[in-house]
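For reference, the structure is listed below as structure tokens.
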Amino acid sequence: MKDPSGNSKPSSYFSQERPELLARLPNGSLGRLLDVGCGAGGVGRALRDRVDFLAGIELEPDVAAQAREVYDQVLTGRVEDVIGELDAPFDTILAYDLLEHLPDPQAVLRRLRDVASDGALLHVSVPNARHWSLVRDLVLHGTFGYTDWGHRDRTHLRWLTRADLVELIESSGWRVEATAHAPLTPAGSLAERLTRGRSAEFLVYQWSALARRAEPA
């Protein structure tokens with residue numbers, strides 16, 4: 001299957017359930033949920049029993065058709081173009097591996113705030129721009145090392161560190177409550193202890209952030 005840029009991605013790319021991210025969500029009901037970049041609906045299938053209404057936005061029409069088997073509403077197109085058609089508001093908004101693909105992620109986060117209920121939860125994930133392998137490949141191999149999908153997907157338009165992600169979210173009308181990463185290897189955990197938490201910035205491929213809709217000052 002090809003994405004709109006013509007790059008081949010395996011079908012599994014669009015159907016991931018993302019258990020490592022869903023484990024970071026609060027327990028219990030998530031209310032009305034919007035999954036931006038919902039793919040074939042893997043996340044929605046995993047959360048179907050915990051939501052009152054399930055909506056998604058997906059760029060690829062064939063993939064969106066699969067999500068419609070599970071979601072109550074799926075819009076096809078760029079989030080910037082179709083967000084006004086959503087049956088809002090939403091209590092929980094997910095944007096997994098999305099922001100790095102957008103020309104103006106801040107504008108999209110602000111639009112998502114407009115369709116969020118008071119105190120709504122936002123959960124996002126992005127690739128980590130400080131992973132050690134990036135420096136290795138640039139310095140030793142003289143290449144950024146683009147791939148068709150994954151950490152250095154050639155369709156990524158932006159690269160964010162943990163600090164960049166927090167600043168982006170909070171400048172868009174949200175208040176970050178926590179950041180997280182997947183569990184480290186035993187060696188990584190040891191390095192984390194020895195460096196008092198600093199080494200994770202270079203060892204993890206991805207950061208996620210939980211935020212709440214902030215009220216105007």
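Ligands are numbered from 1 in the order shown, chains are lettered A, B, ... in the order of the structure tokens, and residues start at 1 in each chain.
Residues in contact with Glu85 in chain A at up to 12 Å, not including ones fewer than 4 positions away on its chain and judged by only C-alpha atoms, are A:Ala55, A:Gly56, A:Ile57, A:Gln73, A:Val74, A:Leu75, A:Thr76, A:Gly77, A:Arg78, A:Val79, A:Glu80, A:Asp81, A:Pro89, A:Val115.
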Discussion item. Which residues are close to Glu100 in chain A, i.e. within 8 Å by only C-alpha atoms, leaving aside same-chain residues fewer than 2 positions away? Reply as a list in words.
Written reply: Asp97, Leu98, Leu102, Pro105, Val126, Pro127, His156, Leu157, Arg158, Trp159 and Leu160 of chain A
With N, CA and C atoms retained, export the selected residues as a CSV table (one decimal), in the first residue's frame.
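Ended up saving to out-v6.csv:
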```
chain,number,residue,atom,x,y,z
A,97,ASP,N,1.7,9.8,16.3
A,97,ASP,CA,2.6,9.8,15.1
A,97,ASP,C,1.9,10.7,14.0
A,98,LEU,N,1.4,11.8,14.4
A,98,LEU,CA,0.7,12.7,13.4
A,98,LEU,C,1.5,14.0,13.3
A,102,LEU,N,2.8,17.2,9.7
A,102,LEU,CA,2.0,18.4,9.4
A,102,LEU,C,2.8,19.6,9.1
A,105,PRO,N,1.8,22.1,12.7
A,105,PRO,CA,1.2,21.3,13.8
A,105,PRO,C,0.6,22.2,14.9
A,126,VAL,N,5.3,11.4,19.2
A,126,VAL,CA,6.2,11.9,18.1
A,126,VAL,C,7.5,11.1,18.1
A,127,PRO,N,8.2,11.0,17.0
A,127,PRO,CA,9.6,10.5,17.1
A,127,PRO,C,10.5,11.4,17.9
A,156,HIS,N,8.2,12.7,7.1
A,156,HIS,CA,8.2,13.6,8.3
A,156,HIS,C,8.6,14.9,7.9
A,157,LEU,N,7.9,15.9,8.3
A,157,LEU,CA,8.2,17.3,8.0
A,157,LEU,C,8.9,18.0,9.1
A,158,ARG,N,8.8,17.5,10.3
A,158,ARG,CA,9.3,18.1,11.5
A,158,ARG,C,10.0,17.1,12.4
A,159,TRP,N,10.9,17.5,13.2
A,159,TRP,CA,11.6,16.7,14.2
A,159,TRP,C,11.5,17.4,15.6
A,160,LEU,N,11.1,16.6,16.6
A,160,LEU,CA,10.8,17.2,17.9
A,160,LEU,C,11.6,16.5,19.0
```
Discussion item. Report, in Å to a single decimal, how far apart CA of Glu69 in chain A and CA of Trp207 in chain A are.
Written reply: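 Distance between the two atoms: 29.7 Å.
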